[in-house]
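K.L.:
Following this line is query_30.cif, made up of mmCIF, C-alpha atoms and all ligand atoms:
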```cif
data_entry
loop_
_atom_site.group_PDB
_atom_site.id
_atom_site.type_symbol
_atom_site.label_atom_id
_atom_site.label_comp_id
_atom_site.auth_asym_id
_atom_site.auth_seq_id
_atom_site.Cartn_x
_atom_site.Cartn_y
_atom_site.Cartn_z
ATOM 1 C CA MET O 1112 -2.826 3.860 29.060
ATOM 2 C CA SER O 1113 -2.939 0.529 30.895
ATOM 3 C CA GLY O 1114 -0.833 -2.314 29.481
ATOM 4 C CA GLY O 1115 -2.040 -5.206 27.388
ATOM 5 C CA CYS O 1116 -3.898 -3.253 24.686
ATOM 6 C CA LYS O 1117 -1.706 -2.530 21.699
ATOM 7 C CA ILE O 1118 -2.916 0.322 19.466
ATOM 8 C CA PRO O 1119 -1.469 -0.123 15.987
ATOM 9 C CA THR O 1120 0.413 2.897 14.745
ATOM 10 C CA LEU O 1121 0.551 3.814 11.099
ATOM 11 C CA GLN O 1122 4.009 3.451 9.601
ATOM 12 C CA LEU O 1123 4.642 5.825 6.696
ATOM 13 C CA LEU O 1124 6.995 4.372 4.114
ATOM 14 C CA PRO O 1125 7.808 6.894 1.366
ATOM 15 C CA THR O 1126 10.968 5.182 0.080
ATOM 16 C CA ILE O 1127 11.977 1.675 -0.921
ATOM 17 C CA PRO O 1128 14.847 1.413 1.627
ATOM 18 C CA GLU O 1129 12.405 2.391 4.408
ATOM 19 C CA LEU O 1130 9.868 -0.106 3.121
ATOM 20 C CA ARG O 1131 12.444 -2.909 2.931
ATOM 21 C CA GLN O 1132 13.743 -2.180 6.418
ATOM 22 C CA HIS O 1133 10.246 -2.169 7.883
ATOM 23 C CA ARG O 1134 9.306 -5.304 5.913
ATOM 24 C CA ARG O 1135 12.181 -7.194 7.557
ATOM 25 C CA SER O 1136 10.689 -6.456 10.987
ATOM 26 C CA ILE O 1137 7.283 -7.955 10.100
ATOM 27 C CA ASP O 1138 6.807 -11.665 10.553
ATOM 28 C CA ARG O 1139 3.032 -11.945 10.364
ATOM 29 C CA PRO O 1140 1.239 -12.206 7.007
ATOM 30 C CA ILE O 1141 0.588 -8.916 5.268
ATOM 31 C CA ALA O 1142 -2.691 -8.085 3.547
ATOM 32 C CA LEU O 1143 -1.964 -5.441 0.911
ATOM 33 C CA VAL O 1144 -4.450 -2.983 -0.586
ATOM 34 C CA PRO O 1145 -2.897 -1.374 -3.674
ATOM 35 C CA THR O 1146 -4.508 2.005 -4.463
ATOM 36 C CA MET O 1147 -3.897 5.240 -6.336
ATOM 37 C CA GLY O 1148 -5.244 7.205 -3.357
ATOM 38 C CA ALA O 1149 -8.276 9.529 -3.357
ATOM 39 C CA LEU O 1150 -9.722 6.882 -1.088
ATOM 40 C CA HIS O 1151 -13.495 6.479 -1.099
ATOM 41 C CA GLU O 1152 -15.942 4.111 0.543
ATOM 42 C CA GLY O 1153 -15.001 1.372 -1.954
ATOM 43 C CA HIS O 1154 -11.349 1.493 -0.872
ATOM 44 C CA LEU O 1155 -12.430 1.405 2.750
ATOM 45 C CA ARG O 1156 -14.227 -1.875 2.035
ATOM 46 C CA LEU O 1157 -10.976 -3.228 0.589
ATOM 47 C CA VAL O 1158 -9.203 -2.276 3.816
ATOM 48 C CA GLU O 1159 -11.966 -3.895 5.883
ATOM 49 C CA GLU O 1160 -11.572 -7.086 3.854
ATOM 50 C CA ALA O 1161 -7.782 -6.912 4.339
ATOM 51 C CA LYS O 1162 -8.307 -6.543 8.097
ATOM 52 C CA ARG O 1163 -10.426 -9.662 8.079
ATOM 53 C CA LEU O 1164 -7.482 -11.519 6.550
ATOM 54 C CA SER O 1165 -4.677 -10.170 8.744
ATOM 55 C CA ASP O 1166 -3.880 -7.718 11.532
ATOM 56 C CA GLU O 1167 -1.044 -6.423 9.342
ATOM 57 C CA VAL O 1168 -2.714 -4.285 6.672
ATOM 58 C CA TRP O 1169 -0.602 -2.292 4.235
ATOM 59 C CA VAL O 1170 -1.995 0.249 1.775
ATOM 60 C CA SER O 1171 -0.008 1.571 -1.163
ATOM 61 C CA ILE O 1172 -0.912 5.030 -2.411
ATOM 62 C CA PHE O 1173 0.723 5.683 -5.748
ATOM 63 C CA VAL O 1174 -0.703 7.365 -8.845
ATOM 64 C CA ASN O 1175 1.074 5.116 -11.308
ATOM 65 C CA PRO O 1176 2.199 7.106 -14.382
ATOM 66 C CA ALA O 1177 2.901 3.877 -16.297
ATOM 67 C CA GLN O 1178 -0.805 3.040 -16.576
ATOM 68 C CA PHE O 1179 -1.939 6.422 -17.953
ATOM 69 C CA GLY O 1180 -1.952 7.215 -21.662
ATOM 70 C CA PRO O 1181 -0.465 10.520 -22.885
ATOM 71 C CA LYS O 1182 -3.925 12.124 -23.220
ATOM 72 C CA GLU O 1183 -5.306 10.831 -19.915
ATOM 73 C CA ASP O 1184 -5.848 12.530 -16.562
ATOM 74 C CA LEU O 1185 -2.504 11.783 -14.834
ATOM 75 C CA ALA O 1186 -1.801 15.450 -13.994
ATOM 76 C CA LYS O 1187 -5.273 16.181 -12.692
ATOM 77 C CA TYR O 1188 -5.817 12.841 -10.929
ATOM 78 C CA PRO O 1189 -6.847 13.747 -7.340
ATOM 79 C CA ARG O 1190 -4.110 13.402 -4.687
ATOM 80 C CA PRO O 1191 -5.672 14.266 -1.300
ATOM 81 C CA ILE O 1192 -2.836 12.590 0.613
ATOM 82 C CA GLU O 1193 -3.624 14.102 4.049
ATOM 83 C CA ASP O 1194 -7.239 12.867 3.885
ATOM 84 C CA ASP O 1195 -6.054 9.468 2.656
ATOM 85 C CA LEU O 1196 -3.572 9.064 5.498
ATOM 86 C CA ALA O 1197 -6.194 10.130 8.043
ATOM 87 C CA ALA O 1198 -8.595 7.509 6.627
ATOM 88 C CA CYS O 1199 -5.880 4.829 6.814
ATOM 89 C CA GLU O 1200 -5.085 5.748 10.394
ATOM 90 C CA ARG O 1201 -8.780 5.712 11.341
ATOM 91 C CA LEU O 1202 -9.170 2.237 9.861
ATOM 92 C CA GLY O 1203 -6.163 0.781 11.659
ATOM 93 C CA VAL O 1204 -3.940 0.346 8.588
ATOM 94 C CA THR O 1205 -0.466 -0.554 9.861
ATOM 95 C CA ALA O 1206 1.698 0.783 7.004
ATOM 96 C CA VAL O 1207 1.313 3.055 3.978
ATOM 97 C CA PHE O 1208 3.748 2.975 1.071
ATOM 98 C CA ASN O 1209 3.425 6.340 -0.691
ATOM 99 C CA PRO O 1210 6.446 6.746 -2.942
ATOM 100 C CA GLU O 1211 7.250 9.474 -5.470
ATOM 101 C CA PRO O 1212 7.295 8.343 -9.134
ATOM 102 C CA GLY O 1213 11.103 8.546 -9.257
ATOM 103 C CA GLU O 1214 11.312 6.056 -6.394
ATOM 104 C CA VAL O 1215 9.279 3.450 -8.280
ATOM 105 C CA TYR O 1216 10.670 4.225 -11.739
ATOM 106 C CA PRO O 1217 14.243 5.478 -11.308
ATOM 107 C CA PRO O 1218 15.530 6.779 -14.663
ATOM 108 C CA GLU O 1219 18.517 4.414 -14.646
ATOM 109 C CA THR O 1220 16.476 1.171 -14.550
ATOM 110 C CA ILE O 1221 15.593 -0.599 -17.788
ATOM 111 C CA PRO O 1222 11.830 -1.271 -18.007
ATOM 112 C CA VAL O 1223 10.593 -4.858 -17.986
ATOM 113 C CA LEU O 1224 7.121 -5.109 -19.483
ATOM 114 C CA LEU O 1225 4.610 -7.819 -18.735
ATOM 115 C CA ASP O 1226 1.471 -8.516 -20.675
ATOM 116 C CA VAL O 1227 -1.513 -10.861 -20.420
ATOM 117 C CA PRO O 1228 -2.497 -10.633 -24.091
ATOM 118 C CA SER O 1229 -5.552 -12.898 -24.081
ATOM 119 C CA LEU O 1230 -7.209 -10.807 -21.353
ATOM 120 C CA SER O 1231 -5.965 -7.318 -22.070
ATOM 121 C CA GLY O 1232 -6.482 -6.770 -25.802
ATOM 122 C CA GLU O 1233 -10.095 -5.597 -25.658
ATOM 123 C CA PHE O 1234 -12.195 -3.260 -23.527
ATOM 124 C CA GLU O 1235 -9.966 -1.082 -21.307
ATOM 125 C CA GLY O 1236 -6.887 -2.443 -23.061
ATOM 126 C CA ALA O 1237 -8.213 -1.297 -26.448
ATOM 127 C CA HIS O 1238 -9.357 2.090 -25.157
ATOM 128 C CA ARG O 1239 -6.204 2.665 -23.132
ATOM 129 C CA PRO O 1240 -3.265 1.132 -25.051
ATOM 130 C CA GLY O 1241 -0.490 0.090 -22.666
ATOM 131 C CA HIS O 1242 -2.724 0.456 -19.616
ATOM 132 C CA PHE O 1243 -2.507 -3.141 -18.395
ATOM 133 C CA VAL O 1244 1.221 -3.369 -19.084
ATOM 134 C CA GLY O 1245 1.529 -0.393 -16.708
ATOM 135 C CA VAL O 1246 -0.794 -1.989 -14.159
ATOM 136 C CA CYS O 1247 1.105 -5.309 -14.221
ATOM 137 C CA ARG O 1248 4.446 -3.548 -13.902
ATOM 138 C CA VAL O 1249 3.465 -1.590 -10.818
ATOM 139 C CA VAL O 1250 1.468 -4.367 -9.162
ATOM 140 C CA LEU O 1251 4.351 -6.837 -9.584
ATOM 141 C CA LYS O 1252 6.725 -4.234 -8.115
ATOM 142 C CA LEU O 1253 4.354 -3.735 -5.158
ATOM 143 C CA PHE O 1254 4.106 -7.485 -4.652
ATOM 144 C CA ASN O 1255 7.904 -7.890 -4.776
ATOM 145 C CA LEU O 1256 8.469 -4.998 -2.393
ATOM 146 C CA CYS O 1257 5.738 -5.663 0.166
ATOM 147 C CA GLN O 1258 5.713 -9.474 -0.134
ATOM 148 C CA PRO O 1259 2.096 -9.738 0.989
ATOM 149 C CA ARG O 1260 0.312 -13.030 1.670
ATOM 150 C CA TYR O 1261 -2.969 -11.442 0.522
ATOM 151 C CA ALA O 1262 -3.795 -8.644 -1.913
ATOM 152 C CA CYS O 1263 -7.264 -7.115 -2.114
ATOM 153 C CA PHE O 1264 -8.684 -5.750 -5.374
ATOM 154 C CA GLY O 1265 -12.134 -4.394 -6.138
ATOM 155 C CA GLN O 1266 -14.391 -6.163 -8.599
ATOM 156 C CA LYS O 1267 -15.314 -2.790 -10.104
ATOM 157 C CA ASP O 1268 -12.227 -2.990 -12.368
ATOM 158 C CA TYR O 1269 -13.065 -6.508 -13.446
ATOM 159 C CA GLN O 1270 -10.691 -6.755 -16.389
ATOM 160 C CA GLN O 1271 -7.848 -5.485 -14.195
ATOM 161 C CA LEU O 1272 -8.777 -8.053 -11.564
ATOM 162 C CA ARG O 1273 -8.638 -10.892 -14.096
ATOM 163 C CA VAL O 1274 -5.310 -9.632 -15.500
ATOM 164 C CA ILE O 1275 -3.801 -9.554 -11.990
ATOM 165 C CA GLU O 1276 -5.229 -12.966 -11.092
ATOM 166 C CA ALA O 1277 -3.704 -14.361 -14.308
ATOM 167 C CA MET O 1278 -0.319 -12.759 -13.543
ATOM 168 C CA VAL O 1279 -0.316 -14.200 -10.021
ATOM 169 C CA GLY O 1280 -1.315 -17.635 -11.325
ATOM 170 C CA ASP O 1281 1.036 -17.849 -14.279
ATOM 171 C CA LEU O 1282 4.060 -16.447 -12.427
ATOM 172 C CA ASN O 1283 3.402 -18.626 -9.355
ATOM 173 C CA LEU O 1284 3.343 -15.666 -6.991
ATOM 174 C CA PRO O 1285 2.675 -16.822 -3.402
ATOM 175 C CA ILE O 1286 -0.187 -14.369 -2.968
ATOM 176 C CA ALA O 1287 -3.913 -14.933 -2.531
ATOM 177 C CA VAL O 1288 -5.827 -12.360 -4.561
ATOM 178 C CA GLN O 1289 -8.969 -11.415 -2.686
ATOM 179 C CA ARG O 1290 -11.880 -10.158 -4.810
ATOM 180 C CA VAL O 1291 -13.956 -7.504 -3.086
ATOM 181 C CA ALA O 1292 -17.492 -6.706 -4.288
ATOM 182 C CA THR O 1293 -18.121 -3.298 -5.860
ATOM 183 C CA THR O 1294 -19.341 -0.646 -3.448
ATOM 184 C CA ARG O 1295 -22.232 1.361 -4.862
ATOM 185 C CA GLU O 1296 -24.000 4.651 -4.225
ATOM 186 C CA ALA O 1297 -27.723 4.508 -3.344
ATOM 187 C CA ASP O 1298 -28.668 4.716 -7.059
ATOM 188 C CA GLY O 1299 -26.273 1.915 -7.995
ATOM 189 C CA LEU O 1300 -23.388 4.000 -9.367
ATOM 190 C CA ALA O 1301 -20.143 2.139 -8.672
ATOM 191 C CA MET O 1302 -17.864 4.187 -6.428
ATOM 192 C CA SER O 1303 -14.804 5.538 -8.213
ATOM 193 C CA SER O 1304 -12.251 8.268 -7.608
ATOM 194 C CA ARG O 1305 -13.244 9.691 -11.001
ATOM 195 C CA ASN O 1306 -16.914 10.208 -9.992
ATOM 196 C CA ARG O 1307 -15.832 13.502 -8.456
ATOM 197 C CA TYR O 1308 -15.294 14.854 -12.003
ATOM 198 C CA LEU O 1309 -19.060 14.523 -12.724
ATOM 199 C CA GLY O 1310 -21.257 17.627 -12.755
ATOM 200 C CA GLU O 1311 -24.620 17.567 -10.971
ATOM 201 C CA GLU O 1312 -26.662 16.548 -14.038
ATOM 202 C CA GLU O 1313 -24.015 14.046 -15.199
ATOM 203 C CA ARG O 1314 -23.984 12.480 -11.752
ATOM 204 C CA LYS O 1315 -27.724 11.710 -12.110
ATOM 205 C CA GLN O 1316 -27.261 10.267 -15.617
ATOM 206 C CA ALA O 1317 -24.347 8.124 -14.412
ATOM 207 C CA ALA O 1318 -26.758 5.716 -12.693
ATOM 208 C CA GLY O 1319 -27.537 4.586 -16.272
ATOM 209 C CA LEU O 1320 -24.572 2.208 -16.210
ATOM 210 C CA TYR O 1321 -25.991 0.238 -13.316
ATOM 211 C CA LYS O 1322 -29.479 0.350 -14.868
ATOM 212 C CA ALA O 1323 -28.066 -1.117 -18.085
ATOM 213 C CA LEU O 1324 -26.434 -3.941 -16.111
ATOM 214 C CA GLN O 1325 -29.680 -4.603 -14.262
ATOM 215 C CA LEU O 1326 -31.512 -4.822 -17.595
ATOM 216 C CA ALA O 1327 -28.994 -7.415 -18.784
ATOM 217 C CA LYS O 1328 -29.545 -9.383 -15.570
ATOM 218 C CA GLN O 1329 -33.334 -9.266 -16.028
ATOM 219 C CA LEU O 1330 -33.071 -10.349 -19.647
ATOM 220 C CA ILE O 1331 -30.915 -13.339 -18.750
ATOM 221 C CA GLU O 1332 -32.412 -14.403 -15.431
ATOM 222 C CA ASP O 1333 -36.100 -13.529 -15.858
ATOM 223 C CA ASP O 1334 -36.667 -13.669 -19.630
ATOM 224 C CA GLY O 1335 -34.200 -16.493 -20.390
ATOM 225 C CA GLU O 1336 -32.475 -14.498 -23.137
ATOM 226 C CA THR O 1337 -29.348 -16.346 -24.290
ATOM 227 C CA ASP O 1338 -28.200 -14.329 -27.303
ATOM 228 C CA PRO O 1339 -25.255 -12.069 -26.310
ATOM 229 C CA PRO O 1340 -25.746 -9.507 -29.142
ATOM 230 C CA ILE O 1341 -29.397 -8.952 -28.097
ATOM 231 C CA ILE O 1342 -28.378 -8.373 -24.475
ATOM 232 C CA GLU O 1343 -25.517 -6.114 -25.541
ATOM 233 C CA ARG O 1344 -27.864 -4.026 -27.699
ATOM 234 C CA VAL O 1345 -30.275 -3.523 -24.800
ATOM 235 C CA MET O 1346 -27.427 -2.372 -22.546
ATOM 236 C CA GLU O 1347 -26.212 0.029 -25.219
ATOM 237 C CA GLN O 1348 -29.715 1.504 -25.659
ATOM 238 C CA ALA O 1349 -29.964 2.011 -21.891
ATOM 239 C CA LEU O 1350 -26.696 3.945 -21.890
ATOM 240 C CA VAL O 1351 -27.822 6.134 -24.775
ATOM 241 C CA ALA O 1352 -31.147 6.789 -22.991
ATOM 242 C CA HIS O 1353 -29.088 8.179 -20.092
ATOM 243 C CA LYS O 1354 -27.016 10.363 -22.452
ATOM 244 C CA ILE O 1355 -23.983 8.145 -21.889
ATOM 245 C CA GLU O 1356 -21.920 7.598 -25.023
ATOM 246 C CA PRO O 1357 -21.187 3.844 -25.053
ATOM 247 C CA ASP O 1358 -17.584 2.644 -25.384
ATOM 248 C CA TYR O 1359 -18.480 -1.023 -25.041
ATOM 249 C CA CYS O 1360 -21.258 -3.279 -23.740
ATOM 250 C CA ALA O 1361 -20.325 -6.938 -23.731
ATOM 251 C CA VAL O 1362 -21.439 -10.262 -22.305
ATOM 252 C CA ARG O 1363 -18.432 -12.544 -21.866
ATOM 253 C CA HIS O 1364 -16.992 -15.601 -20.166
ATOM 254 C CA PRO O 1365 -16.255 -14.496 -16.591
ATOM 255 C CA GLU O 1366 -12.758 -15.994 -16.444
ATOM 256 C CA THR O 1367 -11.353 -15.783 -19.984
ATOM 257 C CA LEU O 1368 -13.432 -12.771 -21.119
ATOM 258 C CA ALA O 1369 -13.915 -14.699 -24.374
ATOM 259 C CA ARG O 1370 -16.943 -14.214 -26.631
ATOM 260 C CA LEU O 1371 -19.878 -16.582 -26.092
ATOM 261 C CA ASP O 1372 -22.215 -18.044 -28.705
ATOM 262 C CA MET O 1373 -24.905 -18.461 -26.078
ATOM 263 C CA VAL O 1374 -25.466 -17.591 -22.425
ATOM 264 C CA ARG O 1375 -25.744 -20.907 -20.586
ATOM 265 C CA GLN O 1376 -23.489 -20.392 -17.566
ATOM 266 C CA PRO O 1377 -22.555 -17.423 -15.371
ATOM 267 C CA VAL O 1378 -21.339 -14.531 -17.503
ATOM 268 C CA VAL O 1379 -19.810 -11.146 -16.857
ATOM 269 C CA ALA O 1380 -21.518 -8.110 -18.358
ATOM 270 C CA LEU O 1381 -18.901 -5.426 -18.986
ATOM 271 C CA ILE O 1382 -19.865 -1.861 -19.723
ATOM 272 C CA ALA O 1383 -18.114 1.492 -20.239
ATOM 273 C CA GLY O 1384 -19.166 4.861 -21.520
ATOM 274 C CA ARG O 1385 -18.466 8.562 -21.554
ATOM 275 C CA LEU O 1386 -20.459 11.212 -19.785
ATOM 276 C CA GLY O 1387 -19.214 14.722 -20.452
ATOM 277 C CA GLY O 1388 -15.456 14.288 -20.318
ATOM 278 C CA VAL O 1389 -15.624 11.446 -17.802
ATOM 279 C CA ARG O 1390 -15.169 7.766 -18.651
ATOM 280 C CA LEU O 1391 -17.105 5.388 -16.425
ATOM 281 C CA LEU O 1392 -17.006 1.603 -16.231
ATOM 282 C CA ASP O 1393 -18.881 -1.086 -14.405
ATOM 283 C CA ASN O 1394 -19.678 -4.783 -14.595
ATOM 284 C CA LEU O 1395 -21.905 -7.463 -13.155
ATOM 285 C CA ILE O 1396 -21.533 -11.208 -12.827
ATOM 286 C CA ILE O 1397 -24.852 -12.711 -13.890
HETATM 287 O O1 LIG J 1401 -6.963 -0.037 -9.333
HETATM 288 C C1 LIG J 1401 -6.098 0.799 -9.066
HETATM 289 O O2 LIG J 1401 -6.279 1.705 -8.269
HETATM 290 C C2 LIG J 1401 -4.752 0.701 -9.783
HETATM 291 O O3 LIG J 1401 -4.898 0.274 -11.087
HETATM 292 C C3 LIG J 1401 -3.724 -0.154 -9.029
HETATM 293 C C4 LIG J 1401 -4.179 -1.599 -8.944
HETATM 294 C C5 LIG J 1401 -3.518 0.400 -7.634
HETATM 295 C C6 LIG J 1401 -2.390 -0.137 -9.760
HETATM 296 O O4 LIG J 1401 -1.877 1.145 -9.875
#
```
Go ahead and render the structure in this file as structure tokens.
Ligand code: PAF
P.N.:
Amino acid sequence: MSGGCKIPTLQLLPTIPELRQHRRSIDRPIALVPTMGALHEGHLRLVEEAKRLSDEVWVSIFVNPAQFGPKEDLAKYPRPIEDDLAACERLGVTAVFNPEPGEVYPPETIPVLLDVPSLSGEFEGAHRPGHFVGVCRVVLKLFNLCQPRYACFGQKDYQQLRVIEAMVGDLNLPIAVQRVATTREADGLAMSSRNRYLGEEERKQAAGLYKALQLAKQLIEDDGETDPPIIERVMEQALVAHKIEPDYCAVRHPETLARLDMVRQPVVALIAGRLGGVRLLDNLII
């Protein structure tokens, strides 16, 4: 190949010493995309956003045991590592950190647990006790190890996004958190690694989450509805009509996730439900 054109090569970093050594050789800003692998179109958008921010794009692929409850799908969570690495290479990712659990959580270390109580008590935090403590622990580790200038997170996990933004703000981490819009299937279903658990019929019903969010948007924007409980009830009915068992439907302050007496400013509609054995979540800023 003629000179002058540098093709980035993907650096695989399975251990912390390898990561640290490679990190020392990098002097341009890093844009990090933390993931649990099973990369789908939504993750690819995160990588594209990271590439817009820097030529040095790192992806972490780590199914974090600390954020799964004892009855959750840790063992069966998909781990198609070869496909994930091929996707990273195709997209021009420069480094992938893909450690084993024992590398991240060596048995001899004493756990330090972080919490953002005002944001994490309800919704996913209530349904998955300890989940956000596990998310904060691993994300702070990833930030400390990779020392990125930017970190890209999808808006699909809105509560997680707010928890991470709060952690970065309160702990003065020198990282810009980049919000990336939710990537959706043609019928509006938010892309998620867990969608692959849905059967054919369930997959069709799953569009009900997005329909419920659209109904909330119509109620607020077109009909001028301002009463959160009325909007929440309509969302819940839409889920039930799609055979989705509601976990929560809520209209909240988009930053604090606090309850609102009235809708008179942008709000976030948060929604989650069960379809067969699969738990699905989504949200919309309205
Ligand atoms: O959103 C995810 O995939 C995970 O919660 C994250 C942020 C990679 C932490 O394990």
K.L.:
Tell me which residues the PyMOL selection byres (((chain O and resi 1152) around 10) and not hetatm) grabs here, as a list in words.
P.N.:
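Output of the PyMOL selection byres (((chain O and resi 1152) around 10) and not hetatm): Leu1150, His1151, Gly1153, His1154, Leu1155, Arg1156, Leu1157, Val1158, Thr1294, Arg1295, Glu1296, Met1302, Ser1303 and Ser1304 of chain O.
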K.L.:
Check which residues of chain O sit at most 9 Å from ligand LIG 1401 (chain J) using all atoms listed in the file, and return one row each with the closest pair of atoms and their distance in Å to one decimal, ordered by chain and rising number, as a tab-separated table.
P.N.:
```
residue	atom	partner	partner_atom	distance
O:Val1144	CA	J:LIG1401	C5	7.9
O:Pro1145	CA	J:LIG1401	C5	4.4
O:Thr1146	CA	J:LIG1401	C5	3.7
O:Met1147	CA	J:LIG1401	O2	4.7
O:Gly1148	CA	J:LIG1401	O2	7.4
O:His1154	CA	J:LIG1401	O2	9.0
O:Ser1171	CA	J:LIG1401	C5	7.5
O:Ile1172	CA	J:LIG1401	C5	7.5
O:Phe1173	CA	J:LIG1401	O4	6.7
O:Val1174	CA	J:LIG1401	O4	6.4
O:Asn1175	CA	J:LIG1401	O4	5.2
O:Pro1176	CA	J:LIG1401	O4	8.5
O:Ala1177	CA	J:LIG1401	O4	8.5
O:Gln1178	CA	J:LIG1401	O4	7.0
O:His1242	CA	J:LIG1401	O3	8.8
O:Phe1243	CA	J:LIG1401	O3	8.4
O:Gly1245	CA	J:LIG1401	O4	7.8
O:Val1246	CA	J:LIG1401	C6	5.0
O:Cys1247	CA	J:LIG1401	C6	7.7
O:Arg1248	CA	J:LIG1401	C6	8.7
O:Val1249	CA	J:LIG1401	O4	6.1
O:Val1250	CA	J:LIG1401	C6	5.8
O:Leu1253	CA	J:LIG1401	C6	8.9
O:Phe1264	CA	J:LIG1401	C4	7.1
O:Gly1265	CA	J:LIG1401	O1	7.5
O:Lys1267	CA	J:LIG1401	O1	8.8
O:Asp1268	CA	J:LIG1401	O1	6.8
O:Gln1271	CA	J:LIG1401	O3	7.2
O:Leu1272	CA	J:LIG1401	C4	8.3
O:Ile1275	CA	J:LIG1401	C4	8.5
O:Ser1304	CA	J:LIG1401	O2	8.9
```
K.L.:
Expand the PyMOL selection byres (((chain O and resi 1192-1199) around 8) and not hetatm) into the explicit residue set it covers here, and present it as a list in words.
P.N.:
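Going through the file, the PyMOL selection byres (((chain O and resi 1192-1199) around 8) and not hetatm) ends up selecting Leu1121, Gly1148, Ala1149, Leu1150, Val1170, Arg1190, Pro1191, Glu1200, Arg1201, Leu1202, Gly1203, Val1204 and Val1207 of chain O.
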K.L.:
Please identify every residue of stretch 1252-1324 of chain O that has at least one atom no farther than 7 Å from an atom of stretch 1352-1368 of chain O, counting all atoms listed in the file, and for each give the shortest atom pair and the distance in Å to one decimal, arranged by chain then increasing number, as JSON lines.
P.N.:
```
{"residue": "O:Arg1273", "atom": "CA", "partner": "O:Glu1366", "partner_atom": "CA", "distance": 7.0}
{"residue": "O:Gln1316", "atom": "CA", "partner": "O:His1353", "partner_atom": "CA", "distance": 5.3}
{"residue": "O:Gly1319", "atom": "CA", "partner": "O:His1353", "partner_atom": "CA", "distance": 5.5}
```
K.L.:
Keeping C-alpha atoms, export the residues of the selection given above as a PDB file, in the coordinates of the input.
P.N.:
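Listing of part.pdb after writing:
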```
ATOM      1  CA  ARG O1273      -8.638 -10.892 -14.096  1.00  0.00           C
ATOM      2  CA  GLN O1316     -27.261  10.267 -15.617  1.00  0.00           C
ATOM      3  CA  GLY O1319     -27.537   4.586 -16.272  1.00  0.00           C
TER       4      GLY O1319
END
```
K.L.:
Can you work out the spacing between atom CA of O:Asp1138 and atom CA of O:Glu1276 in Å, to one decimal?
P.N.:
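Going from atom CA of O:Asp1138 over to atom CA of O:Glu1276, I get 24.8 Å.
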K.L.:
Run the PyMOL selection byres (((chain O and resi 1289) around 8) and not hetatm) mentally over the shown coordinates, then write out the matched residues as a list of chain:residue names, using the chain letters and numbers from the document.
P.N.:
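Written out, the selection comes to O:Tyr1261, O:Ala1262, O:Cys1263, O:Phe1264, O:Ala1287, O:Val1288, O:Arg1290, O:Val1291.
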K.L.:
Can you tell me how far atom CA of O:Pro1285 sits from atom CA of O:Arg1260, in Å to one decimal?
P.N.:
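Distance reported for this atom pair: 6.8 Å.
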K.L.:
Just to confirm, what's the straight-line distance from atom CA of O:Leu1225 to atom CA of O:His1238 in Å (one decimal)?
P.N.:
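We find that atom CA of O:Leu1225 and atom CA of O:His1238 lie 18.3 Å from each other.
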K.L.:
Compute the distance from (-30.6, -7.0, -19.7) to each atom, counting only C-alpha atoms, keep the residues with any atom at most 10 Å away, and return them as a list in words; use the coordinates of the file.
P.N.:
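Taken together, the residues in range are Lys1322, Ala1323, Leu1324, Gln1325, Leu1326, Ala1327, Lys1328, Gln1329, Leu1330, Ile1331, Glu1332, Asp1333, Asp1334, Glu1336, Pro1339, Ile1341, Ile1342, Glu1343, Arg1344, Val1345, Met1346, Glu1347, Ala1349, Ala1380 and Ile1397 of chain O.
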K.L.:
For O:Glu1129, please output as a list in words all residues within 12 Å (counting only C-alpha atoms; exclusion window: fewer than 6 positions along the same chain).
P.N.:
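Residues near the query, excluding close chain neighbours: Gln1122, Leu1123, Arg1135, Ser1136, Ala1206, Val1207, Phe1208, Asn1209, Pro1210, Glu1214, Leu1256 and Cys1257 of chain O.
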